$ cat upload_31.cif   # mmCIF, C-alpha atoms
data_entry
#
loop_
_atom_site.group_PDB
_atom_site.id
_atom_site.type_symbol
_atom_site.label_atom_id
_atom_site.label_comp_id
_atom_site.auth_asym_id
_atom_site.auth_seq_id
_atom_site.Cartn_x
_atom_site.Cartn_y
_atom_site.Cartn_z
ATOM 1 C CA MET A 1227 211.401 54.060 168.463
ATOM 2 C CA GLN A 1228 209.396 51.672 166.367
ATOM 3 C CA ILE A 1229 209.355 47.878 166.437
ATOM 4 C CA ARG A 1230 208.756 46.157 163.137
ATOM 5 C CA GLU A 1231 209.198 42.793 161.449
ATOM 6 C CA ALA A 1232 212.819 42.062 160.534
ATOM 7 C CA ASP A 1233 213.625 40.933 157.038
ATOM 8 C CA ALA A 1234 216.786 39.726 155.343
ATOM 9 C CA SER A 1235 217.839 43.311 154.563
ATOM 10 C CA ASP A 1236 218.102 44.067 158.300
ATOM 11 C CA TRP A 1237 220.695 41.414 159.022
ATOM 12 C CA PRO A 1238 223.746 43.508 158.010
ATOM 13 C CA ALA A 1239 222.693 46.062 160.656
ATOM 14 C CA VAL A 1240 222.048 43.399 163.292
ATOM 15 C CA TRP A 1241 225.157 41.292 162.771
ATOM 16 C CA PRO A 1242 227.787 43.744 164.129
ATOM 17 C CA PHE A 1243 226.244 44.070 167.592
ATOM 18 C CA PHE A 1244 224.916 40.483 167.531
ATOM 19 C CA HIS A 1245 228.479 39.344 166.894
ATOM 20 C CA THR A 1246 229.912 41.570 169.618
ATOM 21 C CA ILE A 1247 227.429 40.235 172.160
ATOM 22 C CA VAL A 1248 227.776 36.568 171.190
ATOM 23 C CA ALA A 1249 231.566 36.646 170.914
ATOM 24 C CA ALA A 1250 231.844 38.256 174.366
ATOM 25 C CA GLY A 1251 230.236 35.083 175.721
ATOM 26 C CA GLU A 1252 228.829 36.749 178.821
ATOM 27 C CA THR A 1253 225.087 36.566 178.312
ATOM 28 C CA PHE A 1254 224.051 33.932 175.761
ATOM 29 C CA THR A 1255 224.451 30.169 175.590
ATOM 30 C CA TYR A 1256 225.366 30.465 171.916
ATOM 31 C CA PRO A 1257 228.610 29.203 170.429
ATOM 32 C CA THR A 1258 230.902 32.189 170.864
ATOM 33 C CA ASP A 1259 232.441 31.569 167.439
ATOM 34 C CA LEU A 1260 229.155 31.645 165.489
ATOM 35 C CA ASP A 1261 229.861 33.054 162.053
ATOM 36 C CA GLU A 1262 227.607 35.443 160.194
ATOM 37 C CA ASP A 1263 225.653 32.790 158.277
ATOM 38 C CA GLN A 1264 225.116 30.646 161.362
ATOM 39 C CA GLY A 1265 224.119 33.716 163.327
ATOM 40 C CA ARG A 1266 221.514 34.610 160.735
ATOM 41 C CA GLU A 1267 220.091 31.118 160.915
ATOM 42 C CA TRP A 1268 219.941 31.199 164.721
ATOM 43 C CA TRP A 1269 218.332 34.596 164.901
ATOM 44 C CA MET A 1270 216.165 35.210 161.833
ATOM 45 C CA LEU A 1271 213.342 32.778 162.480
ATOM 46 C CA PRO A 1272 210.836 31.530 159.928
ATOM 47 C CA SER A 1273 207.092 31.878 160.544
ATOM 48 C CA PRO A 1274 205.190 31.158 162.774
ATOM 49 C CA ASN A 1275 208.113 32.234 164.962
ATOM 50 C CA ARG A 1276 209.148 35.846 164.515
ATOM 51 C CA THR A 1277 212.095 38.225 164.563
ATOM 52 C CA VAL A 1278 211.703 41.981 164.903
ATOM 53 C CA VAL A 1279 213.958 45.008 165.034
ATOM 54 C CA ALA A 1280 213.619 48.207 167.055
ATOM 55 C CA VAL A 1281 214.492 51.209 164.892
ATOM 56 C CA ASP A 1282 214.778 54.909 165.611
ATOM 57 C CA GLY A 1283 213.327 57.781 163.571
ATOM 58 C CA SER A 1284 216.167 57.602 161.064
ATOM 59 C CA GLY A 1285 215.652 53.862 160.560
ATOM 60 C CA ALA A 1286 218.807 52.850 162.466
ATOM 61 C CA VAL A 1287 218.523 49.456 164.147
ATOM 62 C CA LEU A 1288 218.790 49.792 167.943
ATOM 63 C CA GLY A 1289 218.041 46.231 168.936
ATOM 64 C CA THR A 1290 216.277 43.027 167.964
ATOM 65 C CA ALA A 1291 214.141 40.264 169.412
ATOM 66 C CA LYS A 1292 213.188 36.799 168.352
ATOM 67 C CA MET A 1293 210.172 34.944 169.681
ATOM 68 C CA ASN A 1294 209.319 31.322 169.292
ATOM 69 C CA ARG A 1295 207.617 28.241 170.670
ATOM 70 C CA ASN A 1296 209.569 26.872 173.632
ATOM 71 C CA HIS A 1297 208.154 23.371 174.080
ATOM 72 C CA MET A 1298 206.473 21.130 171.505
ATOM 73 C CA GLY A 1299 203.499 18.785 171.658
ATOM 74 C CA ASN A 1300 201.491 19.192 174.843
ATOM 75 C CA GLY A 1301 203.856 21.963 175.931
ATOM 76 C CA SER A 1302 203.114 24.022 172.816
ATOM 77 C CA HIS A 1303 201.419 26.769 174.824
ATOM 78 C CA VAL A 1304 204.791 27.841 176.261
ATOM 79 C CA ALA A 1305 206.673 30.537 174.338
ATOM 80 C CA SER A 1306 210.184 31.887 174.599
ATOM 81 C CA ALA A 1307 212.002 34.988 173.379
ATOM 82 C CA SER A 1308 215.482 36.483 173.229
ATOM 83 C CA TYR A 1309 216.704 40.051 172.961
ATOM 84 C CA MET A 1310 219.821 41.862 171.834
ATOM 85 C CA VAL A 1311 220.310 45.601 172.144
ATOM 86 C CA ASP A 1312 223.167 47.371 170.417
ATOM 87 C CA PRO A 1313 225.470 48.386 173.309
ATOM 88 C CA ALA A 1314 225.756 51.811 171.653
ATOM 89 C CA HIS A 1315 222.041 52.282 172.354
ATOM 90 C CA ALA A 1316 221.803 50.735 175.817
ATOM 91 C CA GLY A 1317 219.858 52.436 178.582
ATOM 92 C CA ARG A 1318 217.230 53.937 176.289
ATOM 93 C CA GLY A 1319 214.466 51.447 177.007
ATOM 94 C CA VAL A 1320 215.022 49.403 173.869
ATOM 95 C CA GLY A 1321 215.225 46.082 175.743
ATOM 96 C CA ARG A 1322 212.106 46.909 177.732
ATOM 97 C CA ALA A 1323 210.156 47.787 174.600
ATOM 98 C CA LEU A 1324 211.285 44.601 172.859
ATOM 99 C CA CYS A 1325 210.421 42.425 175.832
ATOM 100 C CA ALA A 1326 206.975 44.003 176.176
ATOM 101 C CA TYR A 1327 206.436 43.488 172.456
ATOM 102 C CA THR A 1328 207.192 39.777 172.675
ATOM 103 C CA LEU A 1329 204.807 39.376 175.618
ATOM 104 C CA ASP A 1330 202.063 40.994 173.553
ATOM 105 C CA TRP A 1331 202.911 38.766 170.601
ATOM 106 C CA ALA A 1332 202.845 35.606 172.687
ATOM 107 C CA ARG A 1333 199.516 36.543 174.263
ATOM 108 C CA ALA A 1334 197.989 37.338 170.878
ATOM 109 C CA ALA A 1335 199.352 34.094 169.426
ATOM 110 C CA GLY A 1336 197.542 32.125 172.121
ATOM 111 C CA TYR A 1337 200.484 31.173 174.313
ATOM 112 C CA ARG A 1338 199.782 30.887 178.024
ATOM 113 C CA THR A 1339 203.276 31.259 179.430
ATOM 114 C CA MET A 1340 206.610 32.807 178.490
ATOM 115 C CA GLN A 1341 209.645 30.880 179.677
ATOM 116 C CA PHE A 1342 213.292 31.900 179.343
ATOM 117 C CA ASN A 1343 215.467 28.797 179.558
ATOM 118 C CA ALA A 1344 218.880 30.265 180.272
ATOM 119 C CA VAL A 1345 219.320 33.729 181.800
ATOM 120 C CA VAL A 1346 222.870 34.201 183.068
ATOM 121 C CA GLU A 1347 222.633 35.328 186.692
ATOM 122 C CA THR A 1348 225.422 37.874 186.302
ATOM 123 C CA ASN A 1349 223.392 39.599 183.569
ATOM 124 C CA VAL A 1350 221.851 41.760 186.270
ATOM 125 C CA PRO A 1351 220.272 44.398 183.996
ATOM 126 C CA ALA A 1352 218.394 41.671 182.103
ATOM 127 C CA VAL A 1353 217.233 39.921 185.261
ATOM 128 C CA ARG A 1354 216.064 43.254 186.683
ATOM 129 C CA LEU A 1355 214.242 44.103 183.453
ATOM 130 C CA TYR A 1356 212.478 40.743 183.279
ATOM 131 C CA ARG A 1357 211.434 40.991 186.925
ATOM 132 C CA SER A 1358 210.036 44.457 186.335
ATOM 133 C CA LEU A 1359 207.926 43.023 183.534
ATOM 134 C CA GLY A 1360 206.465 40.331 185.762
ATOM 135 C CA PHE A 1361 208.883 37.453 185.339
ATOM 136 C CA GLU A 1362 209.893 35.279 188.244
ATOM 137 C CA ILE A 1363 212.917 33.058 188.677
ATOM 138 C CA LEU A 1364 211.670 29.462 188.476
ATOM 139 C CA GLY A 1365 215.032 28.155 189.582
ATOM 140 C CA THR A 1366 218.745 28.612 189.073
ATOM 141 C CA LEU A 1367 220.971 25.881 187.647
ATOM 142 C CA PRO A 1368 224.085 26.041 189.843
ATOM 143 C CA GLU A 1369 227.228 26.678 187.785
ATOM 144 C CA GLY A 1370 225.197 26.310 184.599
ATOM 145 C CA PHE A 1371 227.238 28.938 182.736
ATOM 146 C CA ARG A 1372 230.978 29.462 182.456
ATOM 147 C CA HIS A 1373 231.347 33.236 182.420
ATOM 148 C CA PRO A 1374 234.644 34.287 180.827
ATOM 149 C CA ALA A 1375 235.489 36.602 183.745
ATOM 150 C CA ALA A 1376 233.376 35.421 186.688
ATOM 151 C CA GLY A 1377 233.835 31.668 186.199
ATOM 152 C CA TYR A 1378 230.966 29.264 186.786
ATOM 153 C CA VAL A 1379 227.772 31.156 187.588
ATOM 154 C CA GLY A 1380 224.121 30.172 187.759
ATOM 155 C CA LEU A 1381 221.654 29.992 184.892
ATOM 156 C CA HIS A 1382 218.172 31.182 185.765
ATOM 157 C CA VAL A 1383 215.041 29.697 184.297
ATOM 158 C CA MET A 1384 212.515 32.563 184.326
ATOM 159 C CA TYR A 1385 208.840 32.656 183.418
ATOM 160 C CA ARG A 1386 205.627 34.565 183.584
ATOM 161 C CA ALA A 1387 202.036 33.677 182.879
ATOM 162 C CA LEU A 1388 200.443 35.625 180.028
ATOM 163 C CA MET R 1132 220.120 -6.767 180.596
ATOM 164 C CA GLN R 1133 222.790 -5.094 178.542
ATOM 165 C CA ILE R 1134 223.015 -1.510 177.339
ATOM 166 C CA ARG R 1135 224.663 -0.959 174.000
ATOM 167 C CA GLU R 1136 224.947 1.627 171.239
ATOM 168 C CA ALA R 1137 221.821 1.808 169.089
ATOM 169 C CA ASP R 1138 222.176 1.667 165.332
ATOM 170 C CA ALA R 1139 219.741 2.053 162.465
ATOM 171 C CA SER R 1140 218.784 -1.622 162.628
ATOM 172 C CA ASP R 1141 217.355 -1.100 166.147
ATOM 173 C CA TRP R 1142 214.818 1.497 165.119
ATOM 174 C CA PRO R 1143 212.113 -0.974 163.988
ATOM 175 C CA ALA R 1144 212.187 -2.446 167.509
ATOM 176 C CA VAL R 1145 212.134 0.988 169.179
ATOM 177 C CA TRP R 1146 209.447 2.630 167.074
ATOM 178 C CA PRO R 1147 206.400 0.637 168.298
ATOM 179 C CA PHE R 1148 206.808 1.575 171.979
ATOM 180 C CA PHE R 1149 208.274 4.988 171.116
ATOM 181 C CA HIS R 1150 205.139 5.649 169.083
ATOM 182 C CA THR R 1151 202.824 4.392 171.835
ATOM 183 C CA ILE R 1152 204.484 6.625 174.409
ATOM 184 C CA VAL R 1153 204.648 9.734 172.216
ATOM 185 C CA ALA R 1154 201.111 9.360 170.831
ATOM 186 C CA ALA R 1155 199.723 8.998 174.371
ATOM 187 C CA GLY R 1156 201.018 12.514 175.016
ATOM 188 C CA GLU R 1157 201.311 12.065 178.756
ATOM 189 C CA THR R 1158 205.033 12.265 179.385
ATOM 190 C CA PHE R 1159 206.937 13.944 176.544
ATOM 191 C CA THR R 1160 206.822 17.417 175.010
ATOM 192 C CA TYR R 1161 207.040 15.854 171.558
ATOM 193 C CA PRO R 1162 204.472 16.372 168.816
ATOM 194 C CA THR R 1163 201.999 13.574 169.509
ATOM 195 C CA ASP R 1164 201.612 12.932 165.776
ATOM 196 C CA LEU R 1165 205.327 12.384 165.069
ATOM 197 C CA ASP R 1166 205.609 9.880 162.252
ATOM 198 C CA GLU R 1167 208.198 7.135 162.071
ATOM 199 C CA ASP R 1168 210.776 9.098 160.061
ATOM 200 C CA GLN R 1169 210.462 12.164 162.258
ATOM 201 C CA GLY R 1170 210.661 9.998 165.352
ATOM 202 C CA ARG R 1171 213.871 8.428 164.117
ATOM 203 C CA GLU R 1172 215.353 11.853 163.539
ATOM 204 C CA TRP R 1173 214.340 13.055 167.009
ATOM 205 C CA TRP R 1174 215.634 9.997 168.798
ATOM 206 C CA MET R 1175 218.601 8.514 166.917
ATOM 207 C CA LEU R 1176 221.238 11.182 167.550
ATOM 208 C CA PRO R 1177 224.459 11.625 165.610
ATOM 209 C CA SER R 1178 227.807 11.709 167.422
ATOM 210 C CA PRO R 1179 228.987 13.217 169.747
ATOM 211 C CA ASN R 1180 225.482 12.792 171.170
ATOM 212 C CA ARG R 1181 224.425 9.186 171.658
ATOM 213 C CA THR R 1182 221.490 6.805 171.610
ATOM 214 C CA VAL R 1183 221.556 3.409 173.283
ATOM 215 C CA VAL R 1184 219.209 0.471 173.732
ATOM 216 C CA ALA R 1185 218.752 -1.848 176.697
ATOM 217 C CA VAL R 1186 218.421 -5.432 175.508
ATOM 218 C CA ASP R 1187 217.721 -8.707 177.289
ATOM 219 C CA GLY R 1188 219.579 -11.993 176.882
ATOM 220 C CA SER R 1189 217.643 -12.814 173.721
ATOM 221 C CA GLY R 1190 218.501 -9.451 172.182
ATOM 222 C CA ALA R 1191 214.976 -8.042 172.571
ATOM 223 C CA VAL R 1192 214.901 -4.255 173.026
ATOM 224 C CA LEU R 1193 213.474 -3.309 176.447
ATOM 225 C CA GLY R 1194 214.082 0.409 176.377
ATOM 226 C CA THR R 1195 216.218 3.195 174.975
ATOM 227 C CA ALA R 1196 217.951 6.395 175.991
ATOM 228 C CA LYS R 1197 219.372 9.346 174.178
ATOM 229 C CA MET R 1198 221.933 11.691 175.667
ATOM 230 C CA ASN R 1199 223.056 15.029 174.353
ATOM 231 C CA ARG R 1200 224.415 18.469 175.081
ATOM 232 C CA ASN R 1201 221.739 20.653 176.668
ATOM 233 C CA HIS R 1202 223.144 24.178 176.346
ATOM 234 C CA MET R 1203 225.638 25.516 173.820
ATOM 235 C CA GLY R 1204 228.556 27.920 174.075
ATOM 236 C CA ASN R 1205 229.466 28.724 177.663
ATOM 237 C CA GLY R 1206 226.742 26.355 178.844
ATOM 238 C CA SER R 1207 228.288 23.405 176.970
ATOM 239 C CA HIS R 1208 229.134 21.586 180.186
ATOM 240 C CA VAL R 1209 225.435 20.876 180.795
ATOM 241 C CA ALA R 1210 224.085 17.585 179.410
ATOM 242 C CA SER R 1211 220.588 16.211 179.019
ATOM 243 C CA ALA R 1212 219.080 12.792 178.421
ATOM 244 C CA SER R 1213 215.724 11.151 177.723
ATOM 245 C CA TYR R 1214 214.449 7.645 178.295
ATOM 246 C CA MET R 1215 211.734 5.394 176.959
ATOM 247 C CA VAL R 1216 210.977 1.964 178.335
ATOM 248 C CA ASP R 1217 208.695 -0.456 176.513
ATOM 249 C CA PRO R 1218 205.567 -0.551 178.731
ATOM 250 C CA ALA R 1219 205.612 -4.342 178.307
ATOM 251 C CA HIS R 1220 208.905 -4.351 180.221
ATOM 252 C CA ALA R 1221 208.165 -1.733 182.863
ATOM 253 C CA GLY R 1222 209.092 -2.315 186.503
ATOM 254 C CA ARG R 1223 212.210 -4.351 185.750
ATOM 255 C CA GLY R 1224 214.757 -1.624 186.409
ATOM 256 C CA VAL R 1225 215.279 -0.764 182.748
ATOM 257 C CA GLY R 1226 214.694 2.956 183.261
ATOM 258 C CA ARG R 1227 217.010 3.027 186.250
ATOM 259 C CA ALA R 1228 219.778 1.248 184.341
ATOM 260 C CA LEU R 1229 219.402 3.608 181.388
ATOM 261 C CA CYS R 1230 219.431 6.701 183.586
ATOM 262 C CA ALA R 1231 222.522 5.517 185.466
ATOM 263 C CA TYR R 1232 224.183 4.798 182.123
ATOM 264 C CA THR R 1233 223.607 8.321 180.857
ATOM 265 C CA LEU R 1234 225.005 9.805 184.064
ATOM 266 C CA ASP R 1235 228.163 7.750 183.603
ATOM 267 C CA TRP R 1236 228.366 8.800 179.960
ATOM 268 C CA ALA R 1237 227.955 12.477 180.796
ATOM 269 C CA ARG R 1238 230.591 12.313 183.525
ATOM 270 C CA ALA R 1239 233.039 10.512 181.236
ATOM 271 C CA ALA R 1240 232.359 13.000 178.435
ATOM 272 C CA GLY R 1241 233.375 15.854 180.735
ATOM 273 C CA TYR R 1242 229.950 17.316 181.489
ATOM 274 C CA ARG R 1243 229.499 18.866 184.920
ATOM 275 C CA THR R 1244 225.728 18.793 185.236
ATOM 276 C CA MET R 1245 222.775 16.837 183.894
ATOM 277 C CA GLN R 1246 219.613 18.901 183.390
ATOM 278 C CA PHE R 1247 216.193 17.634 182.330
ATOM 279 C CA ASN R 1248 214.227 20.503 180.818
ATOM 280 C CA ALA R 1249 210.691 19.169 180.913
ATOM 281 C CA VAL R 1250 209.623 16.398 183.291
ATOM 282 C CA VAL R 1251 205.838 16.185 183.512
ATOM 283 C CA GLU R 1252 204.914 16.367 187.188
ATOM 284 C CA THR R 1253 202.230 13.692 186.835
ATOM 285 C CA ASN R 1254 204.901 11.257 185.597
ATOM 286 C CA VAL R 1255 205.430 10.203 189.188
ATOM 287 C CA PRO R 1256 207.488 7.050 188.520
ATOM 288 C CA ALA R 1257 209.985 9.077 186.492
ATOM 289 C CA VAL R 1258 210.229 11.843 189.085
ATOM 290 C CA ARG R 1259 210.729 9.244 191.808
ATOM 291 C CA LEU R 1260 213.399 7.469 189.768
ATOM 292 C CA TYR R 1261 215.312 10.660 189.032
ATOM 293 C CA ARG R 1262 215.190 11.709 192.677
ATOM 294 C CA SER R 1263 216.502 8.321 193.746
ATOM 295 C CA LEU R 1264 219.443 8.852 191.400
ATOM 296 C CA GLY R 1265 220.310 12.194 192.950
ATOM 297 C CA PHE R 1266 218.281 14.636 190.877
ATOM 298 C CA GLU R 1267 216.552 17.604 192.433
ATOM 299 C CA ILE R 1268 213.661 19.672 191.160
ATOM 300 C CA LEU R 1269 215.097 23.054 190.155
ATOM 301 C CA GLY R 1270 211.635 24.488 189.689
ATOM 302 C CA THR R 1271 208.232 23.680 188.247
ATOM 303 C CA LEU R 1272 206.691 25.652 185.409
ATOM 304 C CA PRO R 1273 203.059 26.071 186.467
ATOM 305 C CA GLU R 1274 200.664 24.612 183.896
ATOM 306 C CA GLY R 1275 203.579 24.008 181.541
ATOM 307 C CA PHE R 1276 202.057 20.804 180.125
ATOM 308 C CA ARG R 1277 198.560 20.017 178.915
ATOM 309 C CA HIS R 1278 198.020 16.441 180.030
ATOM 310 C CA PRO R 1279 195.313 14.730 177.963
ATOM 311 C CA ALA R 1280 193.498 13.490 181.087
ATOM 312 C CA ALA R 1281 194.679 15.696 183.968
ATOM 313 C CA GLY R 1282 194.585 19.036 182.132
ATOM 314 C CA TYR R 1283 197.268 21.657 182.715
ATOM 315 C CA VAL R 1284 199.962 20.319 185.028
ATOM 316 C CA GLY R 1285 203.440 21.471 185.983
ATOM 317 C CA LEU R 1286 206.665 20.827 184.094
ATOM 318 C CA HIS R 1287 209.640 20.181 186.331
ATOM 319 C CA VAL R 1288 213.146 21.270 185.486
ATOM 320 C CA MET R 1289 215.386 18.714 187.233
ATOM 321 C CA TYR R 1290 219.158 18.514 187.570
ATOM 322 C CA ARG R 1291 222.047 16.943 189.326
ATOM 323 C CA ALA R 1292 225.730 17.743 189.496
ATOM 324 C CA LEU R 1293 228.022 15.041 188.079
#

$ encode --input "upload_31.cif" --output "structure tokens"
Amino acid sequence: MQIREADASDWPAVWPFFHTIVAAGETFTYPTDLDEDQGREWWMLPSPNRTVVAVDGSGAVLGTAKMNRNHMGNGSHVASASYMVDPAHAGRGVGRALCAYTLDWARAAGYRTMQFNAVVETNVPAVRLYRSLGFEILGTLPEGFRHPAAGYVGLHVMYRAL
Amino acid sequence: MQIREADASDWPAVWPFFHTIVAAGETFTYPTDLDEDQGREWWMLPSPNRTVVAVDGSGAVLGTAKMNRNHMGNGSHVASASYMVDPAHAGRGVGRALCAYTLDWARAAGYRTMQFNAVVETNVPAVRLYRSLGFEILGTLPEGFRHPAAGYVGLHVMYRAL
């Protein structure tokens, strides 16, 4: 697996699993009806923010991450990042590699902290992954997310120092 | 004091104290060098979000609030709001009236929770005000804000159910 900068030509490979994940409405606070153009705008970030893809030896896209400033002004040293792994390639360490990559990026870019603003508490694999990479739960917004199956569940704010 | 919808003609009265507060860089995670046009865009929100002003009997603007959706998609029931009071009119209950107004707005608009994403912990009057109106500190991002005098201080996430 290799992680490299995403460019416009990667979007057609990202969109199918991006769409599946967003439309399911279980893990992201994105409009569940985002169309392909809106999705591209939400995910493919202009510099100095970044979007990358994880690809296998054949060049197939396994997953993607975006990384960006979280707060502005005197909070500009706080970064954020988001990850999507193609469900067909889950359980192969793609999410872990992407998350580690974004931590390295944020550190190199001079950020002091990584903060995730909205981690759905029922997304247990993600919470476990983030914890294993040093993140802590700052707090949990009660009933912050309306899960399509589980109803109102908490939204974690998670962070780690860099 | 009356609170009413802000329109474009109010901005010249808002900008001087907005600019003072933002340029001081002590309480908002806004770029401290926001110019007047950018400030207007950040503060004067299009519908369904809202911006209001608090005015006295002579029509003078004492303070302002904006209120908006905080999360999207399946987090769309979470609102947020921000407040600025002209320092020349501090201590007269303007902030309290504006905060109470936004809670009423959010409730009436069908939101279930109000969440403030970034309350600077050294902004003690604001934290005290929010607590007195039923907000709790969800968590505090360590060193999330670089205060120009106090150095790195915490950023509270605060919330209350509606």

$ residues_near_point --input "upload_31.cif" --point "(208.9, 25.0, 188.3)" --cutoff "8 Å" --atoms "only C-alpha atoms" --output "JSON, numbers by chain"
{"A": [1364, 1365], "R": [1268, 1269, 1270, 1271, 1272, 1273, 1285, 1286, 1287, 1288]}

$ atom_distance --input "upload_31.cif" --atom1 "atom CA of Val1346 of chain A" --atom2 "atom CA of Val1284 of chain R"
26.9 Å

$ residues_around --input "upload_31.cif" --residues "Met1198 of chain R" --least-positions-apart "5" --cutoff "10 Å" --atoms "only C-alpha atoms" --output "PDB file with C-alpha atoms, in the coordinates of the input"
ATOM      1  CA  TRP R1174     215.634   9.997 168.798  1.00  0.00           C
ATOM      2  CA  MET R1175     218.601   8.514 166.917  1.00  0.00           C
ATOM      3  CA  LEU R1176     221.238  11.182 167.550  1.00  0.00           C
ATOM      4  CA  PRO R1179     228.987  13.217 169.747  1.00  0.00           C
ATOM      5  CA  ASN R1180     225.482  12.792 171.170  1.00  0.00           C
ATOM      6  CA  ARG R1181     224.425   9.186 171.658  1.00  0.00           C
ATOM      7  CA  THR R1182     221.490   6.805 171.610  1.00  0.00           C
ATOM      8  CA  VAL R1183     221.556   3.409 173.283  1.00  0.00           C
ATOM      9  CA  ALA R1210     224.085  17.585 179.410  1.00  0.00           C
ATOM     10  CA  SER R1211     220.588  16.211 179.019  1.00  0.00           C
ATOM     11  CA  ALA R1212     219.080  12.792 178.421  1.00  0.00           C
ATOM     12  CA  SER R1213     215.724  11.151 177.723  1.00  0.00           C
ATOM     13  CA  TYR R1214     214.449   7.645 178.295  1.00  0.00           C
ATOM     14  CA  CYS R1230     219.431   6.701 183.586  1.00  0.00           C
ATOM     15  CA  TYR R1232     224.183   4.798 182.123  1.00  0.00           C
ATOM     16  CA  THR R1233     223.607   8.321 180.857  1.00  0.00           C
ATOM     17  CA  LEU R1234     225.005   9.805 184.064  1.00  0.00           C
ATOM     18  CA  TRP R1236     228.366   8.800 179.960  1.00  0.00           C
ATOM     19  CA  ALA R1237     227.955  12.477 180.796  1.00  0.00           C
ATOM     20  CA  MET R1245     222.775  16.837 183.894  1.00  0.00           C
TER      21      MET R1245
END

$ interface_residues --input "upload_31.cif" --of "chain A" --to "chain R" --cutoff "8 Å" --atoms "all atoms listed in the file" --output "list in words"
Gly1251, Phe1254, Thr1255, Tyr1256, Pro1257, Thr1258, His1297, Met1298, Gly1299, Asn1300, Gly1301, Ser1302, His1303, Val1304, Thr1339, Leu1364, Gly1365, Thr1366, Leu1367, Gly1370, Phe1371, Arg1372, His1373 and Tyr1385 of chain A

$ write_last_selection --input "upload_31.cif" --atoms "C-alpha atoms" --output "PDB file, in the coordinates of the input"
ATOM      1  CA  GLY A1251     230.236  35.083 175.721  1.00  0.00           C
ATOM      2  CA  PHE A1254     224.051  33.932 175.761  1.00  0.00           C
ATOM      3  CA  THR A1255     224.451  30.169 175.590  1.00  0.00           C
ATOM      4  CA  TYR A1256     225.366  30.465 171.916  1.00  0.00           C
ATOM      5  CA  PRO A1257     228.610  29.203 170.429  1.00  0.00           C
ATOM      6  CA  THR A1258     230.902  32.189 170.864  1.00  0.00           C
ATOM      7  CA  HIS A1297     208.154  23.371 174.080  1.00  0.00           C
ATOM      8  CA  MET A1298     206.473  21.130 171.505  1.00  0.00           C
ATOM      9  CA  GLY A1299     203.499  18.785 171.658  1.00  0.00           C
ATOM     10  CA  ASN A1300     201.491  19.192 174.843  1.00  0.00           C
ATOM     11  CA  GLY A1301     203.856  21.963 175.931  1.00  0.00           C
ATOM     12  CA  SER A1302     203.114  24.022 172.816  1.00  0.00           C
ATOM     13  CA  HIS A1303     201.419  26.769 174.824  1.00  0.00           C
ATOM     14  CA  VAL A1304     204.791  27.841 176.261  1.00  0.00           C
ATOM     15  CA  THR A1339     203.276  31.259 179.430  1.00  0.00           C
ATOM     16  CA  LEU A1364     211.670  29.462 188.476  1.00  0.00           C
ATOM     17  CA  GLY A1365     215.032  28.155 189.582  1.00  0.00           C
ATOM     18  CA  THR A1366     218.745  28.612 189.073  1.00  0.00           C
ATOM     19  CA  LEU A1367     220.971  25.881 187.647  1.00  0.00           C
ATOM     20  CA  GLY A1370     225.197  26.310 184.599  1.00  0.00           C
ATOM     21  CA  PHE A1371     227.238  28.938 182.736  1.00  0.00           C
ATOM     22  CA  ARG A1372     230.978  29.462 182.456  1.00  0.00           C
ATOM     23  CA  HIS A1373     231.347  33.236 182.420  1.00  0.00           C
ATOM     24  CA  TYR A1385     208.840  32.656 183.418  1.00  0.00           C
TER      25      TYR A1385
END

$ residues_near_point --input "upload_31.cif" --point "(224.4, 47.8, 171.9)" --cutoff "9 Å" --atoms "all atoms listed in the file" --output "PyMOL selection string"
chain A and resi 1243-1244+1246-1247+1288-1289+1310-1316

$ closest_residue --input "upload_31.cif" --among "A:Gly1377, A:Gly1360, A:Gly1319, A:Pro1238" --to "Ala1280 of chain A" --atoms "all atoms listed in the file"
A:Gly1319

$ atom_distance --input "upload_31.cif" --atom1 "atom CA of Glu1262 of chain A" --atom2 "atom CA of Pro1242 of chain A"
9.2 Å

$ atom_distance --input "upload_31.cif" --atom1 "atom CA of Arg1357 of chain A" --atom2 "atom CA of Thr1290 of chain A"
19.7 Å

$ decode --input "upload_31.cif" --residues "segment 1241-1261 of chain R" --atoms "C-alpha atoms" --output "short mmCIF file (atom, residue, chain, number, x, y, z; two decimals), in the first residue's frame"
data_model
loop_
_atom_site.label_atom_id
_atom_site.label_comp_id
_atom_site.auth_asym_id
_atom_site.auth_seq_id
_atom_site.Cartn_x
_atom_site.Cartn_y
_atom_site.Cartn_z
CA GLY R 1241 -36.50 22.53 15.92
CA TYR R 1242 -32.90 22.12 17.08
CA ARG R 1243 -32.34 19.78 20.00
CA THR R 1244 -28.97 20.99 21.23
CA MET R 1245 -26.86 24.14 21.19
CA GLN R 1246 -23.11 23.52 20.96
CA PHE R 1247 -20.34 26.12 21.12
CA ASN R 1248 -17.24 24.73 19.45
CA ALA R 1249 -14.55 27.05 20.73
CA VAL R 1250 -14.96 29.07 23.93
CA VAL R 1251 -11.62 30.44 25.10
CA GLU R 1252 -11.18 29.39 28.72
CA THR R 1253 -9.73 32.76 29.72
CA ASN R 1254 -12.95 34.43 28.54
CA VAL R 1255 -14.31 34.02 32.04
CA PRO R 1256 -17.33 36.34 31.72
CA ALA R 1257 -18.55 34.39 28.70
CA VAL R 1258 -18.04 31.01 30.36
CA ARG R 1259 -19.86 32.25 33.46
CA LEU R 1260 -22.72 33.61 31.35
CA TYR R 1261 -23.12 30.39 29.38
#
